[in-house]
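> Sharing a structure below in structure tokens format, with a few things to ask.
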Amino acid sequence: MSRSLLERSLALLLRTASRLLIALLSLVQSFGPRNVRPVPPAVRPLLLLSGVELARRIRQRQVKCVDVVQEYISRIRDVNPIINAVVAERFTVALKEAQQVDNRLAEGGEDEKSLEESVPYLGVPFTVKEAIALEGSPNSSGLVSRKDVIALTDAPVVTNLRKAGAIPLGVTNCSELCMWYESSNNLYGTTRNPYNVDRIVGGSSGGEGCIIAAAGSVMGVGSDIGGSIRIPAFFNGIFGHKPTPGLVPNGGQFPNATGLKAEFLCTGPMCRYAEDLIPMFKVMAGPNISKVKLDEDVFIKKVKFYSMEHDGGSPFLSKVDNELINAQRRLTEYLEVQFGVQVQQVQIHKMKYAFQIWSAMMSSPETDGKESESFKDLMADRGKEIKPLWELVKKVLGLSLHTLPAIGLGIVEDLAKVNQQNNVKLMNMCRNLQNEFSSLLGDDGVFLYPSHPVIAPRHHHPKLMPFNFAYTAIFNVLGLPVTQCPLGLSKGGLPLGIQLVANHHNDHLCLRVAQHLECAFGGWRNPGAP
């Protein structure tokens, strides 16, 4: 039997089993209480403006900062009981900080231009992923053993935003230790999708994606080592950018990445309006922003576009949903008709092994040759050693403090260490794939690729398709900048989207294309709006 026939047979077996299990789970869920409604739509005018526009109106004294912050506090109080996105708030302090902004402006000692340059987000509210330190707020990363940990300082990226005048409202939910694509843990519970609370929000920055989409926050701070910005941005219909590695500081996170993994982890902006992507990115990156050409004009007619509609048929991943394929085809047709560009369809065969490549790179040793800190070490949090298989037994008996995905990852991590020879082959494949993308994209190319193979699934369904995050994760180990861009809603009212991928340090290409596509495809859609 040929290898290709074996792979096709395995793919058919795994997909059939997955579909049967998903169908069974859906049947079981259908007998329970169902609540498929979206959150009430945002109707207050201040909730429907970008951060850039809010900052402008505050600087020009057209609106008081206190009124803006109070509007967002009220919105969070309205929607959070439904979606469970914000897990700790600082509303009283935020209102005091807003009053200080109004007092500063009332003194009239600074002109509008100088304010725009020195504090571009003066008075604009934002939220932060709970795994990223916000002084005085929890910093547990959903780990029960860290339930009493409070951040004593701000993470550098939070410091940069506050220096730019932005006001944090609170911290948002994530998956346990930020390594799963459903934001649910045993400390804060499960976050629910604002378009349909029966669906997931993605992870690990799922609380951020959710509260921004629900108009409870203008913008937010996420982090991404396998898609943790882009998957929630996709499932919640907003924009999210994974930058070129090394531009935005990753300090002040738990868990943080070390060694080679530090090259895969990226902190980046999440927002409803594409207008905020570049200004946020500039603020978050600080001096490092000079390494990219964010102010360079991008002419769509001069961009070389490449499109790939699926990974080539990995047996471990779901097939791409037809609605997502059709959305991608509408996008390519739009580019070709509107701008006369030819979108080249490509088949990059190594993408079929995205999950295996990401896993091998994540299990690679530190730069000094030492074994990197394992996921089960993080689960133990300097306490008693965690044995994943024993933890699974405890889970079945209802005795484990950890989520099933976290336990599963610990088991997979142990298995990955068994076949080191195969890992070396996969690492070489990763380097070859990096070279292939670099040659393809150059300094003027954008690659179109699905953000995920399926539209936001129901709660718990990811456990039956655990490797689908490979559609985003591959770009972490390749080190490429990627912007998740919304492309409207599905027939069922759930967000559609696309990944826009550029070459190293060409973040400006995918960001500028995203800004243009917002105008063409509508960008964020107000959940629950007719």
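Letters A, B, ... mark the chains of the structure tokens in the order given; residue numbers begin at 1 per chain; ligand numbers begin at 1, in order shown.
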List as CSV every residue of segment 42-142 of chain A that is in contact with segment 149-159 of chain A, defined as an atom at most 10 Å from one of its atoms (using only C-alpha atoms), together with the nearest atom pair and the distance in Å rounded to one decimal, sorted by chain and then rising number.


residue,atom,partner,partner_atom,distance
A:Phe126,CA,A:Val158,CA,9.9
A:Thr127,CA,A:Val158,CA,9.6
A:Val128,CA,A:Val158,CA,8.0
A:Glu130,CA,A:Ala151,CA,9.9
A:Ala131,CA,A:Ala151,CA,9.8
A:Ile132,CA,A:Ala155,CA,6.4
A:Ala133,CA,A:Ala155,CA,4.9
A:Leu134,CA,A:Asp154,CA,4.6
A:Glu135,CA,A:Thr153,CA,4.5
A:Gly136,CA,A:Ala151,CA,5.5
A:Ser137,CA,A:Ile150,CA,5.4
A:Pro138,CA,A:Ile150,CA,4.4
A:Asn139,CA,A:Ile150,CA,5.6
A:Ser140,CA,A:Val149,CA,6.1
A:Ser141,CA,A:Val149,CA,9.8

> As a PDB file with N, CA, C and O atoms, in the first residue's frame, please: the residues near segment 428-437 of chain A (cut-off 8 Å, only C-alpha atoms, same-chain neighbours under 4 positions excluded).


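Writing the result to part_31.pdb gives the following:
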ATOM      1  N   LYS A 350       4.162  21.163   2.474  1.00  0.00           N
ATOM      2  CA  LYS A 350       4.584  20.973   3.867  1.00  0.00           C
ATOM      3  C   LYS A 350       3.544  21.478   4.858  1.00  0.00           C
ATOM      4  O   LYS A 350       3.590  21.107   6.040  1.00  0.00           O
ATOM      5  N   ILE A 357       4.950  19.822  12.779  1.00  0.00           N
ATOM      6  CA  ILE A 357       6.070  20.768  12.783  1.00  0.00           C
ATOM      7  C   ILE A 357       6.013  21.655  14.022  1.00  0.00           C
ATOM      8  O   ILE A 357       7.018  21.843  14.726  1.00  0.00           O
ATOM      9  N   VAL A 424      13.719  15.868  14.769  1.00  0.00           N
ATOM     10  CA  VAL A 424      14.805  16.519  14.028  1.00  0.00           C
ATOM     11  C   VAL A 424      14.407  16.691  12.567  1.00  0.00           C
ATOM     12  O   VAL A 424      14.634  17.751  11.961  1.00  0.00           O
ATOM     13  N   LEU A 441       6.988  35.114  -0.769  1.00  0.00           N
ATOM     14  CA  LEU A 441       6.379  36.393  -0.396  1.00  0.00           C
ATOM     15  C   LEU A 441       7.265  37.599  -0.694  1.00  0.00           C
ATOM     16  O   LEU A 441       6.745  38.670  -1.036  1.00  0.00           O
ATOM     17  N   VAL A 477       5.843  29.272  14.422  1.00  0.00           N
ATOM     18  CA  VAL A 477       7.174  28.674  14.299  1.00  0.00           C
ATOM     19  C   VAL A 477       7.879  29.146  13.022  1.00  0.00           C
ATOM     20  O   VAL A 477       9.105  29.056  12.923  1.00  0.00           O
ATOM     21  N   LEU A 478       7.127  29.656  12.068  1.00  0.00           N
ATOM     22  CA  LEU A 478       7.737  30.238  10.872  1.00  0.00           C
ATOM     23  C   LEU A 478       8.166  31.688  11.102  1.00  0.00           C
ATOM     24  O   LEU A 478       8.930  32.247  10.317  1.00  0.00           O
ATOM     25  N   ASN A 503       5.751  38.477   4.819  1.00  0.00           N
ATOM     26  CA  ASN A 503       7.103  38.030   5.149  1.00  0.00           C
ATOM     27  C   ASN A 503       7.606  38.772   6.387  1.00  0.00           C
ATOM     28  O   ASN A 503       7.044  39.785   6.807  1.00  0.00           O
TER      29      ASN A 503
END

> Record the distance separating atom CA of Arg199 of chain A and atom CA of His460 of chain A, expressed in Å with one decimal.

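Between atom CA of Arg199 of chain A and atom CA of His460 of chain A the gap works out to 9.1 Å.
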
> Identify, on the basis of only C-alpha atoms, every residue whose closest approach to Ala529 of chain A does not exceed 8 Å; exclude the query and any residue fewer than 5 positions from it along the same chain; express the result as a PyMOL selection string.

chain A and resi 40-42

> Include C-alpha atoms and write out the residues we just selected as a PDB file, in the first residue's frame.


ATOM      1  CA  PRO A  40     -28.043  42.545  23.064  1.00  0.00           C
ATOM      2  CA  PRO A  41     -26.596  44.818  20.359  1.00  0.00           C
ATOM      3  CA  ALA A  42     -24.569  47.861  21.326  1.00  0.00           C
TER       4      ALA A  42
END

> If you run DSSP over the backbone, which residues in segment 138-333 of chain A end up strand (DSSP E)? Put them as a PyMOL selection string.

chain A and resi 167-172+184-185+189-190+219-224+239-242+266-271+304-307

> Pull C-alpha atoms from the residues just selected and write them as a short mmCIF file (atom, residue, chain, number, x, y, z; two decimals), in the first residue's frame.


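Here's the written file again-v3.cif:
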data_model
loop_
_atom_site.label_atom_id
_atom_site.label_comp_id
_atom_site.auth_asym_id
_atom_site.auth_seq_id
_atom_site.Cartn_x
_atom_site.Cartn_y
_atom_site.Cartn_z
CA ILE A 167 -7.19 53.36 30.78
CA PRO A 168 -7.45 49.64 31.70
CA LEU A 169 -10.89 48.42 32.78
CA GLY A 170 -9.96 44.90 33.87
CA VAL A 171 -8.62 41.50 32.87
CA THR A 172 -10.27 38.81 30.77
CA SER A 184 -12.44 27.72 29.94
CA ASN A 185 -10.74 26.85 33.21
CA GLY A 189 -15.38 28.96 34.18
CA THR A 190 -16.25 29.19 30.48
CA MET A 219 -9.36 47.26 22.19
CA GLY A 220 -7.25 44.78 24.09
CA VAL A 221 -3.93 43.06 24.70
CA GLY A 222 -3.53 39.42 23.64
CA SER A 223 -0.65 36.99 23.25
CA ASP A 224 -0.15 34.25 20.69
CA PHE A 239 -9.15 42.10 14.07
CA GLY A 240 -6.07 40.59 15.66
CA HIS A 241 -2.41 40.86 14.70
CA LYS A 242 0.44 38.48 15.49
CA CYS A 266 4.06 37.22 20.24
CA THR A 267 2.09 39.86 22.11
CA GLY A 268 -0.17 41.91 19.89
CA PRO A 269 -3.26 44.11 19.43
CA MET A 270 -6.88 43.00 19.23
CA CYS A 271 -9.58 45.49 18.20
CA LYS A 304 1.27 39.99 -5.02
CA PHE A 305 -1.47 37.81 -3.56
CA TYR A 306 -1.27 34.06 -3.03
CA SER A 307 -4.16 31.90 -1.84
#

> Please provide the set of residues having any atom within 6 Å of Tyr121 of chain A, restricted to only C-alpha atoms, with same-chain residues fewer than 6 positions apart removed, written as an mmCIF file with N, CA and C atoms, in the first residue's frame.


data_model
loop_
_atom_site.group_PDB
_atom_site.id
_atom_site.type_symbol
_atom_site.label_atom_id
_atom_site.label_comp_id
_atom_site.auth_asym_id
_atom_site.auth_seq_id
_atom_site.Cartn_x
_atom_site.Cartn_y
_atom_site.Cartn_z
ATOM 1 N N ALA A 55 -10.244 58.921 21.110
ATOM 2 C CA ALA A 55 -9.147 59.760 21.598
ATOM 3 C C ALA A 55 -9.231 61.160 20.990
ATOM 4 N N ALA A 164 0.576 55.889 26.917
ATOM 5 C CA ALA A 164 -0.087 56.521 25.768
ATOM 6 C C ALA A 164 -1.449 57.078 26.143
ATOM 7 N N GLY A 165 -1.810 56.988 27.439
ATOM 8 C CA GLY A 165 -3.043 57.581 27.925
ATOM 9 C C GLY A 165 -4.219 56.648 28.070
ATOM 10 N N ALA A 166 -4.081 55.386 27.642
ATOM 11 C CA ALA A 166 -5.202 54.447 27.706
ATOM 12 C C ALA A 166 -5.482 54.036 29.155
#

> For atom CA of Ser204 of chain A and atom CA of Asn422 of chain A, quote the distance in Å rounded to one decimal.

28.2 Å

> From the options A:Asp67, A:His459, A:Arg272, A:Val346, which residue's atoms come nearest to Asn196 of chain A, counting only C-alpha atoms?

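Between A:Asp67, A:His459, A:Arg272, A:Val346, the residue approaching Asn196 of chain A most closely is A:His459.
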
> Can you tell me how far atom CA of Glu71 of chain A sits from atom CA of Leu122 of chain A, in Å to one decimal?

16.1 Å
